[in-house]
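The file my_file.cif comes next; it holds mmCIF, C-alpha atoms and all ligand atoms.
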```cif
data_work
#
loop_
_atom_site.label_atom_id
_atom_site.label_comp_id
_atom_site.auth_asym_id
_atom_site.auth_seq_id
_atom_site.Cartn_x
_atom_site.Cartn_y
_atom_site.Cartn_z
CA MET A 28 50.34 35.33 53.63
CA GLY A 29 53.71 36.79 54.42
CA SER A 30 53.30 40.11 52.65
CA GLN A 31 50.90 42.32 50.75
CA SER A 32 52.96 41.39 47.69
CA ASP A 33 51.76 37.77 48.07
CA TRP A 34 48.12 38.76 47.67
CA GLU A 35 48.17 38.67 43.87
CA THR A 36 48.96 34.95 44.16
CA MET A 37 46.97 34.16 47.27
CA LYS A 38 43.85 35.86 45.93
CA ASN A 39 43.52 32.80 43.73
CA ALA A 40 43.03 30.72 46.87
CA ALA A 41 40.53 33.23 48.22
CA ASP A 42 38.59 33.26 44.93
CA THR A 43 38.44 29.47 44.92
CA LEU A 44 37.16 29.37 48.51
CA GLU A 45 34.53 31.95 47.59
CA ALA A 46 33.46 29.90 44.57
CA LEU A 47 32.87 27.00 46.97
CA ASP A 48 31.08 29.22 49.50
CA ILE A 49 33.67 28.52 52.20
CA ALA A 50 34.17 31.19 54.86
CA TYR A 51 37.75 32.39 55.16
CA GLU A 52 39.92 35.22 56.38
CA ALA A 53 42.90 36.59 54.49
CA ARG A 54 45.59 37.98 56.78
CA ILE A 55 49.14 39.23 56.43
CA VAL A 56 51.38 37.50 58.95
CA SER A 57 55.11 37.68 58.36
CA ALA A 58 57.40 35.17 60.02
CA HIS A 59 60.22 37.71 59.87
CA ARG A 60 58.65 41.17 60.03
CA THR A 61 55.77 40.42 62.43
CA PRO A 62 56.95 37.41 64.44
CA ASP A 63 54.77 38.22 67.46
CA ARG A 64 51.71 38.39 65.20
CA LEU A 65 52.66 34.99 63.81
CA VAL A 66 52.89 33.44 67.28
CA ARG A 67 49.56 34.95 68.34
CA PHE A 68 47.85 33.85 65.15
CA ALA A 69 49.21 30.31 64.96
CA LYS A 70 48.78 29.53 68.66
CA GLY A 71 45.26 30.95 68.71
CA ALA A 72 44.00 29.76 65.33
CA ARG A 73 42.17 26.66 66.54
CA ASP A 74 40.47 28.50 69.40
CA GLU A 75 39.52 31.26 66.95
CA GLY A 76 37.60 28.64 64.99
CA PHE A 77 39.89 28.11 62.04
CA LYS A 78 39.88 24.59 60.64
CA VAL A 79 42.62 24.72 58.00
CA ILE A 80 45.43 27.20 57.37
CA ILE A 81 46.69 28.06 53.91
CA ALA A 82 50.03 29.82 54.28
CA GLY A 83 51.56 31.48 51.24
CA ALA A 84 55.02 33.01 51.31
CA GLY A 85 57.98 33.66 49.07
CA GLY A 86 61.75 33.68 49.26
CA ALA A 87 62.90 32.47 52.68
CA ALA A 88 59.38 31.20 53.20
CA HIS A 89 59.28 30.27 56.87
CA LEU A 90 55.64 31.16 57.45
CA PRO A 91 54.03 27.78 56.67
CA GLY A 92 56.54 25.78 58.70
CA MET A 93 56.42 28.09 61.70
CA CYS A 94 52.62 28.08 61.59
CA ALA A 95 52.64 24.29 61.52
CA ALA A 96 55.00 24.25 64.49
CA MET A 97 52.49 26.16 66.60
CA THR A 98 49.12 24.72 65.60
CA PRO A 99 47.67 21.23 65.29
CA LEU A 100 45.49 22.39 62.37
CA PRO A 101 46.34 21.16 58.88
CA VAL A 102 48.66 23.66 57.15
CA PHE A 103 48.96 23.91 53.39
CA GLY A 104 51.93 25.86 52.11
CA VAL A 105 51.92 27.84 48.87
CA PRO A 106 55.32 28.84 47.50
CA VAL A 107 54.94 32.32 46.05
CA GLN A 108 57.00 32.98 42.94
CA SER A 109 59.94 35.11 44.01
CA LYS A 110 61.70 37.61 41.77
CA ALA A 111 65.23 36.42 42.48
CA LEU A 112 64.82 32.66 42.12
CA SER A 113 61.39 32.24 40.51
CA GLY A 114 59.95 30.53 43.57
CA GLN A 115 62.47 27.68 43.76
CA ASP A 116 63.63 29.21 47.04
CA SER A 117 60.04 29.43 48.30
CA LEU A 118 59.30 25.85 47.30
CA LEU A 119 62.37 24.33 48.87
CA SER A 120 62.05 26.29 52.09
CA ILE A 121 58.42 25.19 52.49
CA VAL A 122 58.55 21.59 51.35
CA GLN A 123 61.55 20.24 53.21
CA MET A 124 60.03 20.02 56.69
CA PRO A 125 61.53 17.76 59.32
CA ALA A 126 59.57 14.63 60.22
CA GLY A 127 57.00 15.43 62.87
CA ILE A 128 55.78 18.85 61.71
CA PRO A 129 53.98 18.49 58.36
CA VAL A 130 53.22 21.18 55.80
CA GLY A 131 51.27 20.03 52.77
CA THR A 132 53.22 21.82 50.07
CA LEU A 133 51.61 22.85 46.81
CA ALA A 134 52.98 24.05 43.47
CA ILE A 135 54.63 27.43 42.99
CA GLY A 136 52.26 30.31 42.27
CA ARG A 137 48.65 30.38 41.09
CA ALA A 138 48.25 26.61 40.66
CA GLY A 139 49.43 26.08 44.21
CA ALA A 140 47.08 28.71 45.59
CA VAL A 141 44.05 27.28 43.79
CA ASN A 142 44.94 23.74 44.76
CA ALA A 143 45.55 24.68 48.39
CA ALA A 144 41.98 25.96 48.50
CA LEU A 145 40.69 22.79 46.84
CA LEU A 146 42.60 20.61 49.30
CA ALA A 147 41.27 22.66 52.20
CA ALA A 148 37.79 22.18 50.74
CA ALA A 149 38.34 18.43 50.47
CA VAL A 150 39.41 18.26 54.12
CA LEU A 151 36.42 20.30 55.26
CA ALA A 152 34.08 18.28 53.04
CA LEU A 153 34.87 15.14 55.03
CA GLY A 154 32.56 16.50 57.72
CA ASP A 155 30.21 18.58 55.59
CA GLU A 156 27.99 16.87 53.02
CA ASP A 157 26.76 20.13 51.51
CA LEU A 158 30.32 21.23 50.88
CA ALA A 159 31.14 17.81 49.45
CA ASP A 160 28.28 18.32 46.96
CA ARG A 161 29.55 21.81 46.08
CA LEU A 162 33.03 20.44 45.53
CA ASP A 163 31.63 17.72 43.25
CA ASP A 164 29.74 20.41 41.30
CA TRP A 165 32.88 22.56 41.03
CA ARG A 166 34.84 19.65 39.60
CA GLU A 167 32.03 18.75 37.21
CA GLN A 168 31.89 22.34 35.96
CA GLN A 169 35.62 22.26 35.39
CA THR A 170 35.33 19.03 33.44
CA VAL A 171 32.55 20.25 31.15
CA SER A 172 34.42 23.51 30.51
CA VAL A 173 37.33 21.72 28.86
CA ALA A 174 36.92 21.76 25.08
CA GLU A 175 37.57 18.50 23.31
CA TYR A 176 39.37 20.18 20.43
CA PRO A 177 41.70 23.18 20.42
CA VAL A 178 40.99 26.41 18.58
CA ASP A 179 43.39 28.96 17.17
CA GLU A 180 43.62 31.80 19.62
CA ALA A 181 43.92 35.34 18.24
C1 LIG B 1 58.20 36.98 52.19
O1 LIG B 1 59.02 37.84 51.50
C2 LIG B 1 56.83 37.26 51.68
O2 LIG B 1 56.03 36.12 51.77
C3 LIG B 1 57.03 37.70 50.26
O3 LIG B 1 56.76 36.66 49.33
C4 LIG B 1 58.52 38.05 50.22
C5 LIG B 1 58.77 39.46 49.76
O4 LIG B 1 58.03 40.35 50.56
P1 LIG B 1 57.98 41.90 50.19
O5 LIG B 1 59.38 42.42 50.29
O6 LIG B 1 57.43 42.01 48.81
O7 LIG B 1 57.05 42.50 51.22
O8 LIG B 1 58.26 37.17 53.56
#
```

Conversion result in structure tokens:
Amino acid sequence: MGSQSDWETMKNAADTLEALDIAYEARIVSAHRTPDRLVRFAKGARDEGFKVIIAGAGGAAHLPGMCAAMTPLPVFGVPVQSKALSGQDSLLSIVQMPAGIPVGTLAIGRAGAVNAALLAAAVLALGDEDLADRLDDWREQQTVSVAEYPVDEA
């Protein structure tokens, strides 16, 4: 993620990966404030053993696109909800990549963070039957947890 302030959102991705028993690392890498760290991370990610990158950033959210420019790994971008423009800026600056360098862009905020983790899981599950089973179980649990009728909430 681009900043400590993104963690509140990106923790939802981390929690989802943990629920699926997927190893991950959460790092702060800012495209603007720590550009050298970004280059080192993105260029070295595959050799470090990473399989998928989830990049969350807000505002002028260049992190996912710059990561994607420097790694062949799949990159999923999570637009963090910004204070000034409610994440519209984050979304547009992540989603509108030029042809040739893809970023799989998710929804703004928590939903995007959770779904980025689920998409990463789906990619990894293509080569991991145990994970595929865990992902099936996760989805089944979600399905059975949805009540058929609403209740009045206090
Ligand atoms: C972006 O700027 C970060 O991804 C964050 O969403 C936003 C604001 O960062 P802080 O000023 O809160 O550190 O680079």

Check the smallest atom-to-atom distance from each of A:Leu112, A:Ala144, A:Val107, A:Val56 to Ala41 of chain A using only C-alpha atoms, then report the winner.
A:Ala144

May I ask which of the residues A:Lys78, A:His89, A:Arg137, A:Lys110 is the closest one to Ala149 of chain A, counting all atoms listed in the file?
A:Lys78

Using only C-alpha atoms and all ligand atoms, find each residue in chain A having at least one atom no more than 7 Å away from ligand LIG 1 (chain B); report its shortest atom-to-atom pair and that distance in Å (one decimal), rows by chain then rising number, as JSON lines.
```
{"residue": "A:Met28", "atom": "CA", "partner": "B:LIG1", "partner_atom": "O2", "distance": 6.0}
{"residue": "A:Gly29", "atom": "CA", "partner": "B:LIG1", "partner_atom": "O2", "distance": 3.6}
{"residue": "A:Ser30", "atom": "CA", "partner": "B:LIG1", "partner_atom": "C2", "distance": 4.6}
{"residue": "A:Gln31", "atom": "CA", "partner": "B:LIG1", "partner_atom": "O7", "distance": 6.2}
{"residue": "A:Ser32", "atom": "CA", "partner": "B:LIG1", "partner_atom": "O6", "distance": 4.6}
{"residue": "A:Asp33", "atom": "CA", "partner": "B:LIG1", "partner_atom": "O3", "distance": 5.3}
{"residue": "A:Ser57", "atom": "CA", "partner": "B:LIG1", "partner_atom": "O8", "distance": 5.8}
{"residue": "A:Ala58", "atom": "CA", "partner": "B:LIG1", "partner_atom": "O8", "distance": 6.8}
{"residue": "A:His59", "atom": "CA", "partner": "B:LIG1", "partner_atom": "O8", "distance": 6.6}
{"residue": "A:Gly83", "atom": "CA", "partner": "B:LIG1", "partner_atom": "O2", "distance": 6.5}
{"residue": "A:Ala84", "atom": "CA", "partner": "B:LIG1", "partner_atom": "O2", "distance": 3.3}
{"residue": "A:Gly85", "atom": "CA", "partner": "B:LIG1", "partner_atom": "O3", "distance": 3.2}
{"residue": "A:Gly86", "atom": "CA", "partner": "B:LIG1", "partner_atom": "O1", "distance": 5.5}
{"residue": "A:Ala87", "atom": "CA", "partner": "B:LIG1", "partner_atom": "C1", "distance": 6.5}
{"residue": "A:Ala88", "atom": "CA", "partner": "B:LIG1", "partner_atom": "C1", "distance": 6.0}
{"residue": "A:Val107", "atom": "CA", "partner": "B:LIG1", "partner_atom": "O3", "distance": 5.7}
{"residue": "A:Ser109", "atom": "CA", "partner": "B:LIG1", "partner_atom": "O3", "distance": 6.4}
```

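Note that atom CA of Gly104 of chain A and atom CA of Gln123 of chain A are 11.2 Å apart.
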
Of the candidates A:Phe77, A:Thr36, A:Arg60, A:Ala50, which one gets nearest to Val105 of chain A if we count only C-alpha atoms?
A:Thr36

Residue nearest Phe68 of chain A - candidates A:Ala159, A:Ala138, A:Leu90, A:Ala148, atoms counted: all atoms listed in the file:
A:Leu90

Could you check how far atom CA of Gly154 of chain A sits from atom CA of Val173 of chain A, in Å to one decimal?
29.7 Å

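Taking atom CA of Gly114 of chain A and atom CA of Ala95 of chain A as endpoints, the distance between them is 20.4 Å.
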
Would you mind telling me which residue in A:Asp42, A:Glu180, A:Asp48, A:Asp74 lies nearest to Leu151 of chain A when using all atoms listed in the file?
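Between A:Asp42, A:Glu180, A:Asp48, A:Asp74, the residue approaching Leu151 of chain A most closely is A:Asp48.
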
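Once Thr132 of chain A and its same-chain neighbours fewer than 3 positions away are set aside, A:Phe103, A:Gly104, A:Val105, A:Pro106, A:Leu118, A:Ile121, A:Val122 remain within 8 Å of it when counting all atoms listed in the file.
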
Neighbour list for segment 71-73 of chain A as a PyMOL selection string, cut-off 10 Å, only C-alpha atoms, skip fewer than 3 positions in-chain:
chain A and resi 65-68+76-80+94+97-100

Using all atoms listed in the file, the residue out of A:Asp179, A:Leu145, A:Arg64, A:Arg54 with shortest distance to Leu162 of chain A is A:Leu145
